[in-house]
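Q: One structure, pasted below without further comment.
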Amino acid sequence: MIRSILLPMSDGPLNPVVRDYAFWLARKEGSQIHALAVIDVKSFEIPVLGTPDGFMPSVITPPLAETQSYLGELTSLARERLEQFAAESAAAGIRSSTETRTGIPAEVIARQAVAHDIVVMGRAGYTRDGTSRDRVDPLVSQVVRTCIRPVLVTGRGLPPGGDVRRVLLAFDGSSHAARALPVAAELGGRPGVECTVITVASSQAAGLEVIEPAEAFLYHHGLMPGKEVIIGTKASELICELVASMQADVLVMGAYGHSPVREMIFGSTTERVLSHCGTTVVLQS
């Protein structure tokens with residue numbers, strides 16, 4: 001069961017969709033939410049031009065007094081956001097806790113995630129580098145790469161009625177996809193939820209062979225999943241098309257996998273699915 005949800009906070013206001021999914025999951029699972037604000041140590045570095053001899057550092061740290069003043073400002077802002085979230089959680093009847101840490105955000109989040117069951121994040125809004133909101137935020141990519149827990153990356157708002165009814169599991173037989181099976185069983189095993197296992201393969205027979213262990217796992221957890229084999233090689237396009245045609249609310253998949261669902265570095269099938277599928281995606285490294 002999902003007992004504790006880690007919710008990394010962005011520098012700005014919390015995306016309402018991210019909050020709504022965290023609240024939905026907490027209500028369904030009886031979970032608590034741990035909101036984490038990370039003050040990026042890189043905020044204290046100033047880029048400088050290097051010298052031809054290569055001895056000039058690429059960044060310098062401001063004087064101690066200035067650094068402490070800036071840290072105080074960031075800490076105060078982080079606490080304000082956390083206090084607001086705690087108040088919203090209490091008003092919604094959801095148990096929550098808050099924490100502020102300083103460090104490299106992706107490393108802090110991945111380390112703290114060990115104490116929780118799942119991480120909930122949005123697609124964008126964490127990195128102040130001009131990243132388009134249409135692209136996956138670099139911090140999200142880093143967390144997915146390094147986090148041992150599943151990461152729920154929100155898409156559109158919750159479905160009409162405020163509940164998830166259709167869960168798809170994209171399964172390619174890889175170890176990452178296998179590690180995603182427990183969260184798929186948890187999300188897809190509730191009453192009234194349809195769960196379907198899908199794979200991309202060169203033939204129907206090959207696809208059914210890949211799906212078989214995932215189907216058996218879900219069956220042992222009380223599910224009677226549907227199954228769908230997509231013939232082709234362009235995994236991300238085919239998965240997104242099926243998500244749209246089946247009106248799936250949540251897609252669960254491994255962050256890396258075997259061909260044709262292959263990631264050399266986070267950015268192939270996984271990033272294209274995140275960029276082009278409007279639905280919420282749960283990724284397991």
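Note on naming: chains are A, B, ... as they come in the structure tokens, residues start from 1 per chain, ligands start from 1 in the order shown.
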Counting only C-alpha atoms, give me one row per residue of region 183-219 of chain A with an atom at most 12 Å from an atom of region 25-34 of chain A, showing the shortest contact pair and its distance in Å to one decimal, sorted by chain then residue number, as a tab-separated table.
A:
residue	atom	partner	partner_atom	distance
A:Val183	CA	A:Glu29	CA	11.9
A:Glu186	CA	A:Glu29	CA	9.0
A:Leu187	CA	A:Leu25	CA	9.1
A:Gly188	CA	A:Lys28	CA	11.9
A:Gly189	CA	A:Lys28	CA	11.6
A:Arg190	CA	A:Lys28	CA	8.9
A:Pro191	CA	A:Lys28	CA	11.1
Q: For His176 (chain A), list every protein, DNA or RNA residue within 10 Å, evaluated using only C-alpha atoms, and leave out those in the same chain fewer than 4 positions away; present the list as a PyMOL selection string.
A: chain A and resi 171-172+180-181+253-258+283-285
Q: List every residue of region 17-251 of chain A that DSSP, applied to the backbone of this structure, assigns to helix (DSSP H, G or I), and report them as a VMD selection string.
A: chain A and resid 17 to 29 41 to 44 64 to 91 105 to 113 138 to 146 175 to 179 181 to 188 204 to 220 235 to 245
Q: When DSSP works through the backbone of this structure, what residues of region 24-266 of chain A end up as strand (DSSP E), shown as JSON, numbers by chain?
A: {"A": [32, 33, 34, 35, 36, 37, 38, 39, 40, 46, 47, 59, 60, 96, 97, 98, 99, 100, 101, 102, 103, 118, 119, 120, 121, 151, 152, 153, 166, 167, 168, 169, 170, 194, 195, 196, 197, 198, 199, 200, 201, 226, 227, 228, 229, 230, 231, 250, 251, 252, 253, 254]}
Q: Please measure the separation of CA of Asp249 (chain A) and CA of Pro159 (chain A), giving the value in Å to one decimal.
A: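 Computed distance, CA of Asp249 (chain A) to CA of Pro159 (chain A), equals 6.9 Å.
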Q: Give me the residues within 9 Å of region 198-213 of chain A as a PyMOL selection string, counting only C-alpha atoms and dropping any in the same chain fewer than 4 places off.
A: chain A and resi 168-173+178+217-218+226-235+238-239+242+260-261
Q: Could you give me, as JSON lines, a per-residue list for region 89-195 of chain A showing, wherever an atom lies at most 12 Å from an atom of region 1-5 of chain A, the closest pair of atoms and their distance in Å to one decimal, using only C-alpha atoms and sorting by chain then residue number from low to high?
A:
{"residue": "A:Ile94", "atom": "CA", "partner": "A:Ile5", "partner_atom": "CA", "distance": 11.5}
{"residue": "A:Arg95", "atom": "CA", "partner": "A:Ser4", "partner_atom": "CA", "distance": 9.8}
{"residue": "A:Ser96", "atom": "CA", "partner": "A:Ile5", "partner_atom": "CA", "distance": 9.2}
{"residue": "A:Ser97", "atom": "CA", "partner": "A:Ile5", "partner_atom": "CA", "distance": 10.2}
{"residue": "A:Thr98", "atom": "CA", "partner": "A:Ile5", "partner_atom": "CA", "distance": 11.6}
{"residue": "A:Gln112", "atom": "CA", "partner": "A:Ile5", "partner_atom": "CA", "distance": 10.9}
{"residue": "A:Ala113", "atom": "CA", "partner": "A:Ile5", "partner_atom": "CA", "distance": 8.7}
{"residue": "A:Val114", "atom": "CA", "partner": "A:Ser4", "partner_atom": "CA", "distance": 10.6}
{"residue": "A:Ala115", "atom": "CA", "partner": "A:Ser4", "partner_atom": "CA", "distance": 8.1}
{"residue": "A:His116", "atom": "CA", "partner": "A:Ser4", "partner_atom": "CA", "distance": 5.1}
{"residue": "A:Asp117", "atom": "CA", "partner": "A:Ser4", "partner_atom": "CA", "distance": 5.6}
{"residue": "A:Ile118", "atom": "CA", "partner": "A:Ile5", "partner_atom": "CA", "distance": 5.3}
{"residue": "A:Val119", "atom": "CA", "partner": "A:Ile5", "partner_atom": "CA", "distance": 5.9}
{"residue": "A:Val120", "atom": "CA", "partner": "A:Ile5", "partner_atom": "CA", "distance": 7.1}
{"residue": "A:Met121", "atom": "CA", "partner": "A:Ile5", "partner_atom": "CA", "distance": 10.6}
{"residue": "A:Arg149", "atom": "CA", "partner": "A:Ile5", "partner_atom": "CA", "distance": 10.3}
{"residue": "A:Pro150", "atom": "CA", "partner": "A:Ile5", "partner_atom": "CA", "distance": 10.4}
{"residue": "A:Val151", "atom": "CA", "partner": "A:Ile5", "partner_atom": "CA", "distance": 10.0}
{"residue": "A:Leu152", "atom": "CA", "partner": "A:Ile5", "partner_atom": "CA", "distance": 10.1}
{"residue": "A:Pro182", "atom": "CA", "partner": "A:Met1", "partner_atom": "CA", "distance": 9.0}
{"residue": "A:Val183", "atom": "CA", "partner": "A:Ile2", "partner_atom": "CA", "distance": 8.5}
{"residue": "A:Ala184", "atom": "CA", "partner": "A:Met1", "partner_atom": "CA", "distance": 11.3}
{"residue": "A:Ala185", "atom": "CA", "partner": "A:Met1", "partner_atom": "CA", "distance": 9.8}
{"residue": "A:Glu186", "atom": "CA", "partner": "A:Met1", "partner_atom": "CA", "distance": 6.8}
{"residue": "A:Leu187", "atom": "CA", "partner": "A:Ile2", "partner_atom": "CA", "distance": 9.6}
{"residue": "A:Gly189", "atom": "CA", "partner": "A:Met1", "partner_atom": "CA", "distance": 11.0}
{"residue": "A:Arg190", "atom": "CA", "partner": "A:Met1", "partner_atom": "CA", "distance": 11.5}
Q: Pull C-alpha atoms from the residues just selected and write them as a PDB file, in the first residue's frame.
A:
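Output file out27.pdb is given in full below:
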ATOM      1  CA  ILE A  94      -5.410  15.118   4.722  1.00  0.00           C
ATOM      2  CA  ARG A  95      -2.488  14.396   7.026  1.00  0.00           C
ATOM      3  CA  SER A  96       0.695  16.195   6.006  1.00  0.00           C
ATOM      4  CA  SER A  97       4.163  17.104   7.190  1.00  0.00           C
ATOM      5  CA  THR A  98       6.657  19.629   5.817  1.00  0.00           C
ATOM      6  CA  GLN A 112      14.459  11.574   0.853  1.00  0.00           C
ATOM      7  CA  ALA A 113      12.240   9.450  -1.418  1.00  0.00           C
ATOM      8  CA  VAL A 114      13.651   6.304   0.199  1.00  0.00           C
ATOM      9  CA  ALA A 115      11.459   7.041   3.238  1.00  0.00           C
ATOM     10  CA  HIS A 116       8.281   7.232   1.145  1.00  0.00           C
ATOM     11  CA  ASP A 117       6.309   5.065  -1.276  1.00  0.00           C
ATOM     12  CA  ILE A 118       5.871   7.382  -4.255  1.00  0.00           C
ATOM     13  CA  VAL A 119       6.912  10.836  -5.482  1.00  0.00           C
ATOM     14  CA  VAL A 120       4.383  13.221  -7.058  1.00  0.00           C
ATOM     15  CA  MET A 121       5.629  15.968  -9.399  1.00  0.00           C
ATOM     16  CA  ARG A 149      10.580   4.965  -5.887  1.00  0.00           C
ATOM     17  CA  PRO A 150       7.947   5.396  -8.604  1.00  0.00           C
ATOM     18  CA  VAL A 151       7.468   8.994  -9.737  1.00  0.00           C
ATOM     19  CA  LEU A 152       3.952  10.134 -10.655  1.00  0.00           C
ATOM     20  CA  PRO A 182       3.439  -3.216  -7.719  1.00  0.00           C
ATOM     21  CA  VAL A 183       2.377   0.401  -8.265  1.00  0.00           C
ATOM     22  CA  ALA A 184       0.319  -0.670 -11.293  1.00  0.00           C
ATOM     23  CA  ALA A 185      -1.421  -3.283  -9.135  1.00  0.00           C
ATOM     24  CA  GLU A 186      -2.043  -0.681  -6.427  1.00  0.00           C
ATOM     25  CA  LEU A 187      -3.513   1.938  -8.770  1.00  0.00           C
ATOM     26  CA  GLY A 189      -6.688  -2.824  -8.308  1.00  0.00           C
ATOM     27  CA  ARG A 190      -9.302  -0.562  -6.771  1.00  0.00           C
TER      28      ARG A 190
END
Q: Taking 6 positions as the minimum chain separation for residues in the same chain, which residues sit within 10 Å of region 14-18 of chain A when counting only C-alpha atoms? Answer as number ranges by chain.
A: A: 7-8, 24, 81-82, 84-85, 120-126, 152-158
Q: Using only C-alpha atoms, find the one residue out of A:Cys195, A:Val136, A:Ile104, A:Arg179 that sits nearest to Leu223 (chain A).
A: A:Cys195
Q: To one decimal place, how far is CA of Gly278 (chain A) from CA of Ala22 (chain A) in Å?
A: 17.6 Å
Q: What does the distance between CA of Thr269 (chain A) and CA of Val252 (chain A) come to in Å, to one decimal place?
A: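 Between CA of Thr269 (chain A) and CA of Val252 (chain A) the gap works out to 13.1 Å.
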Q: Using only C-alpha atoms, which residue out of A:Ala216, A:Ala78, A:Val167, A:Leu251 lies closest to Leu36 (chain A)?
A: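 Nearest candidate to Leu36 (chain A) out of A:Ala216, A:Ala78, A:Val167, A:Leu251: A:Ala78.
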Q: Which is closer to Gln142 (chain A) than all the others in A:Asp163, A:Glu215, A:Glu83, A:Glu107, using only C-alpha atoms?
A: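 Comparing A:Asp163, A:Glu215, A:Glu83, A:Glu107 against Gln142 (chain A), the winner is A:Glu107.
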Q: Kindly indicate which residue among A:Ser236, A:Val281, A:Arg19, A:Asp40 lies nearest to Arg128 (chain A), using only C-alpha atoms for the distances.
A: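 The answer is A:Asp40, which sits nearest to Arg128 (chain A).
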